[in-house]
Amino acid sequence: MDNNDYVLELQHITKAYPGVLALNDVSLNLKKGEILGLIGENGAGKSTLIKTCSGAVIPTKGTIVINNKKFSSMSPQLATENGIAIIYQEFNNVKGLSAAENLFLGNPIMKNKMMIDMPAMEREAEKAFAQLQIKIDPKELCGNLSVGYQQMIEIAKAIRLNAKVLIMDEPSAPLTRVEVEHMMEVCRLLQKKGVSIIYISHRLEEIFELSSRIVVLRDGEYIKTLITKDSDVDELIQLMVGRALVNKFPPRNKITKSNKILLKLDKLTGNGDRNVSIDVKEGEILGLGGLVGAGRTELAELIFGAKKRESGKIIFQGHKIEPKTPKDAIDLGIALVPEDRKRHGLLLTNSIKNNINMPIYQRISKFSVIDLKKELNIAQKYIKEIGIKTPSQEQLVKNLSGGNQQKVILGKWLAAESQLIILDEPTRGIDVGAKYEIYKLIYQLVEMGKTVILISSEMEELIGLSDRIVVFAEGEVAGELEKKDFSQDKIMKLASQVRGE
């Protein structure tokens with residue numbers, strides 16, 4: 001193909017930070033109307049690479065070529081002028097403004113150069129949403145819209161600014177399954193209109209469904225470009241992690257067979273759940289299956305004291321408990337690794353050491369003075385024990401990969417000596433290689449005598465890790481399956497309230 005056919009070329013991009021080579025001589029090209037998949041483990045350099053296109057990162061070396069115009073670096077204004085837009089995982093919208101106001105944020109339609117012309121903005125917003133075949137009321141506050149619709153506003157904003165290259169960074173991560181399907185339809189629609197898309201995702205099935213070519217990065221270096229239809233998942237995983245993952249799940253050294261009940265829920269009602277009765281045995285991995293909104297996270301919040309119980313009993317280690325706050329639950333030995341680890345599980349701007357010790361500062365302090373030696377030793381113990389990859393325990397958590405952030409949360413609850421650990425979507429947004437490490441840690445937890453409740457929307461993960469599965473539907477227990485009876489069909493029938501013969 002002639003270079004004139006490329007709308008974007010990144011040539012020999014290198015980015016060095018003090019002590020770290022984030023990108024080393026990375027090149028890729030993008031054709032007009034193409035959806036190009038960009039994959040790699042956390043820390044592979046994907047985000048750094050795309051940020052060079054927007055001006056958020058200035059390359060140390062290399063050239064950015066847009067429609068045959070060469071640049072040594074970009075700026076946000078230059079990127080917009082040259083038709084490049086990035087849809088990040090964290091949207092740049094204002095919840096208290098309407099959909100139309102968000103669409104024209106920073107660039108409103110003016111009347112007589114003096115006043116914002118709101119009716120004109122709402123009319124144009126309606127047209128912009130119609131172009132993407134989506135129905136959003138321009139007057140609706142952005143904060144009242146689903147995450148999927150908020151994302152569509154970001155896409156509509158990019159297209160309104162005449163973006164010819166759309167870079168989407170993990171666009172499906174916060175979306176429901178239905179929203180993902182809708183988002184992919186919009187991607188195909190834009191492709192037909194000649195827009196070129198770089199699509200970054202840990203979900204390889206989406207990469208295969210949308211892209212024509214796939215670029216693989218590993219450890220900040222370009223590895224290979226593949227033709228999607230000629231590749232397969234196993235090849236991509238091997239290129240991403242540098243080795244073949246023979247099994248998706250690690251071997252389990254020890255399976256605890258205990259009939260002793262650690263947690264008993266007796267007709268528990270509250271937070272949208274009704275009459276939930278479940279026994280959780282010591283040392284087991286109990287999986288909770290169900291569709292989005294089925295009531296699994298809601299149950300976790302009740303057990304953890306984050307939401308109020310209306311009726312029913314929670315019996316833990318043989319005693320009736322009434323956790324009114326998460327602190328009550330933590331003091332009892334119950335931990336929750338939340339679905340949104342960045343918002344609810346971690347202090348991102350604090351160090352690994354601070355995060356691991358957070359639940360036990362009271363325990364390692366005397367007269368409100370922290371025992372610094374204990375703090376140091378505890379952090380070092382769990383960094384080593386669960387394999388957190390970091391140059392120092394003083395490293396800020398926000399600078400860690402998703403997999404290592406998840407390990408920090410687990411380290412925190414191990415330090416707190418929790419007996420019951422509830423894992424809510426523990427591998428969401430984590431790459432294939434790091435998932436394997438998290439699975440090993442889950443097995444390690446039960447080998448240490450802990451008990452795990454696992455909430456996962458990934459069917460393969462739920463079946464692969466659990467000893468038993470309790471399936472939820474519309475806030476109630478729909479059924480329970482023993483290991484020998486696990487199958488995707490049975491779980492889906494229960495989750496959908498479809499009763500078989």
# chains A, B, ... in the order shown; residues from 1 in each chain; ligands from 1
$ residues_around --residues "Gln393 in chain A" --least-positions-apart "6" --cutoff "8 Å" --atoms "only C-alpha atoms" --output "list in words"
Ser351, Ile352, Lys353, Ala379, Gln380 and Ile383 of chain A
$ residues_around --residues "Lys281 in chain A" --least-positions-apart "5" --cutoff "7 Å" --atoms "only C-alpha atoms" --output "list in words"
Ser258, Asn259, Lys260, Ile261, Leu262 and Leu263 of chain A
$ residues_around --residues "range 434-437 of chain A" --least-positions-apart "5" --cutoff "7 Å" --atoms "only C-alpha atoms" --output "list in words"
Lys248, Phe249, Pro250, Gly403 and Thr427 of chain A
$ write_last_selection --atoms "N, CA and C atoms" --output "PDB file, in the first residue's frame"
ATOM      1  N   LYS A 248      -5.662 -21.568  31.089  1.00  0.00           N
ATOM      2  CA  LYS A 248      -6.108 -20.248  31.510  1.00  0.00           C
ATOM      3  C   LYS A 248      -6.168 -20.148  33.028  1.00  0.00           C
ATOM      4  N   PHE A 249      -6.290 -21.317  33.701  1.00  0.00           N
ATOM      5  CA  PHE A 249      -6.368 -21.334  35.150  1.00  0.00           C
ATOM      6  C   PHE A 249      -5.187 -22.114  35.710  1.00  0.00           C
ATOM      7  N   PRO A 250      -4.544 -21.601  36.755  1.00  0.00           N
ATOM      8  CA  PRO A 250      -3.392 -22.298  37.327  1.00  0.00           C
ATOM      9  C   PRO A 250      -3.822 -23.577  38.026  1.00  0.00           C
ATOM     10  N   GLY A 403      -3.409  -4.961  37.278  1.00  0.00           N
ATOM     11  CA  GLY A 403      -3.185  -6.209  38.004  1.00  0.00           C
ATOM     12  C   GLY A 403      -2.476  -5.987  39.329  1.00  0.00           C
ATOM     13  N   THR A 427     -11.126  -9.341  37.992  1.00  0.00           N
ATOM     14  CA  THR A 427     -10.214  -9.201  36.849  1.00  0.00           C
ATOM     15  C   THR A 427     -10.732  -8.235  35.790  1.00  0.00           C
TER      16      THR A 427
END
$ closest_residue --among "A:Val408, A:Ile378, A:Val147, A:Ile255" --to "Pro174 in chain A" --atoms "only C-alpha atoms"
A:Val147
$ residues_around --residues "Ile198 in chain A" --least-positions-apart "3" --cutoff "6 Å" --atoms "only C-alpha atoms" --output "list in words"
Ile35, Leu36, Gly37 and Ile167 of chain A
$ select_by_dssp --residues "range 218-324 of chain A" --states "alpha helix (DSSP H)" --output "list of chain:residue names"
A:Val233, A:Asp234, A:Glu235, A:Leu236, A:Ile237, A:Gln238, A:Leu239, A:Met240, A:Val241, A:Arg296, A:Thr297, A:Glu298, A:Leu299, A:Ala300, A:Glu301, A:Leu302, A:Ile303
$ atom_distance --atom1 "CA of Glu375 in chain A" --atom2 "CA of Ser418 in chain A"
17.8 Å
$ select_by_dssp --residues "range 39-230 of chain A" --states "strand (DSSP E or B)" --output "tab-separated table (two decimals) with C-alpha atoms, in the first residue's frame"
chain	number	residue	atom	x	y	z
A	39	ILE	CA	-3.42	-4.84	22.33
A	61	LYS	CA	12.15	10.58	19.55
A	62	GLY	CA	10.09	9.72	16.51
A	63	THR	CA	7.69	11.23	14.00
A	64	ILE	CA	3.88	11.49	13.84
A	65	VAL	CA	2.53	11.65	10.29
A	66	ILE	CA	-1.09	12.75	9.72
A	69	LYS	CA	2.09	16.02	7.30
A	70	LYS	CA	5.01	15.32	9.65
A	71	PHE	CA	5.16	16.37	13.32
A	84	ILE	CA	-7.57	13.21	15.87
A	85	ALA	CA	-9.80	12.52	18.88
A	86	ILE	CA	-9.37	10.15	21.83
A	87	ILE	CA	-12.20	8.64	23.87
A	98	SER	CA	-27.29	18.79	29.69
A	110	MET	CA	-23.42	31.94	20.29
A	111	LYS	CA	-26.22	34.37	19.45
A	115	MET	CA	-25.30	34.90	24.47
A	116	ILE	CA	-25.24	31.13	24.28
A	141	LEU	CA	-28.68	16.14	32.36
A	165	VAL	CA	-9.13	9.36	13.44
A	166	LEU	CA	-10.92	8.13	16.57
A	167	ILE	CA	-8.80	6.41	19.24
A	168	MET	CA	-10.86	4.43	21.76
A	169	ASP	CA	-9.12	3.40	24.99
A	196	SER	CA	-10.51	5.41	11.02
A	197	ILE	CA	-10.49	3.86	14.50
A	198	ILE	CA	-7.73	2.57	16.79
A	199	TYR	CA	-9.54	0.24	19.21
A	200	ILE	CA	-7.76	-0.71	22.45
A	213	ARG	CA	-5.55	-5.79	11.65
A	214	ILE	CA	-4.07	-6.06	15.16
A	215	VAL	CA	-0.91	-4.42	16.50
A	216	VAL	CA	0.69	-6.11	19.53
A	217	LEU	CA	2.89	-4.26	22.03
A	218	ARG	CA	4.91	-5.80	24.85
A	221	GLU	CA	8.10	-2.40	22.23
A	222	TYR	CA	6.37	-3.20	18.95
A	223	ILE	CA	6.02	-6.98	18.57
A	224	LYS	CA	3.94	-7.69	15.45
A	225	THR	CA	1.04	-6.64	13.22
A	226	LEU	CA	-1.40	-9.43	12.37
A	227	ILE	CA	-4.26	-9.81	9.92
$ closest_residue --among "A:Pro391, A:Gly33, A:Gly464, A:Pro18" --to "Leu286 in chain A" --atoms "only C-alpha atoms"
A:Gly464
$ closest_residue --among "A:Asn399, A:Asn275, A:Asn68, A:Gln89" --to "Lys313 in chain A" --atoms "only C-alpha atoms"
A:Asn275
$ residues_around --residues "Gly106 in chain A" --least-positions-apart "6" --cutoff "12 Å" --atoms "only C-alpha atoms" --output "list in words"
Asn92, Asn93, Val94, Ala100, Ile116, Lys157 and Leu161 of chain A
$ write_last_selection --atoms "N, CA and C atoms" --output "PDB file, in the first residue's frame"
ATOM      1  N   ASN A  92     -14.807  13.113  29.708  1.00  0.00           N
ATOM      2  CA  ASN A  92     -14.577  14.524  30.039  1.00  0.00           C
ATOM      3  C   ASN A  92     -15.885  15.306  30.061  1.00  0.00           C
ATOM      4  N   ASN A  93     -16.939  14.691  30.590  1.00  0.00           N
ATOM      5  CA  ASN A  93     -18.215  15.410  30.599  1.00  0.00           C
ATOM      6  C   ASN A  93     -18.518  15.986  31.987  1.00  0.00           C
ATOM      7  N   VAL A  94     -19.479  16.905  32.014  1.00  0.00           N
ATOM      8  CA  VAL A  94     -19.890  17.557  33.265  1.00  0.00           C
ATOM      9  C   VAL A  94     -21.295  17.067  33.600  1.00  0.00           C
ATOM     10  N   ALA A 100     -26.726  18.365  25.453  1.00  0.00           N
ATOM     11  CA  ALA A 100     -26.360  19.357  24.433  1.00  0.00           C
ATOM     12  C   ALA A 100     -25.202  20.234  24.909  1.00  0.00           C
ATOM     13  N   ILE A 116     -25.212  32.515  24.748  1.00  0.00           N
ATOM     14  CA  ILE A 116     -25.235  31.128  24.281  1.00  0.00           C
ATOM     15  C   ILE A 116     -26.618  30.832  23.710  1.00  0.00           C
ATOM     16  N   LYS A 157     -19.232  14.243  20.130  1.00  0.00           N
ATOM     17  CA  LYS A 157     -18.410  15.448  20.253  1.00  0.00           C
ATOM     18  C   LYS A 157     -17.210  15.374  19.302  1.00  0.00           C
ATOM     19  N   LEU A 161     -16.481  17.672  15.829  1.00  0.00           N
ATOM     20  CA  LEU A 161     -15.234  18.424  15.611  1.00  0.00           C
ATOM     21  C   LEU A 161     -14.468  17.883  14.409  1.00  0.00           C
TER      22      LEU A 161
END
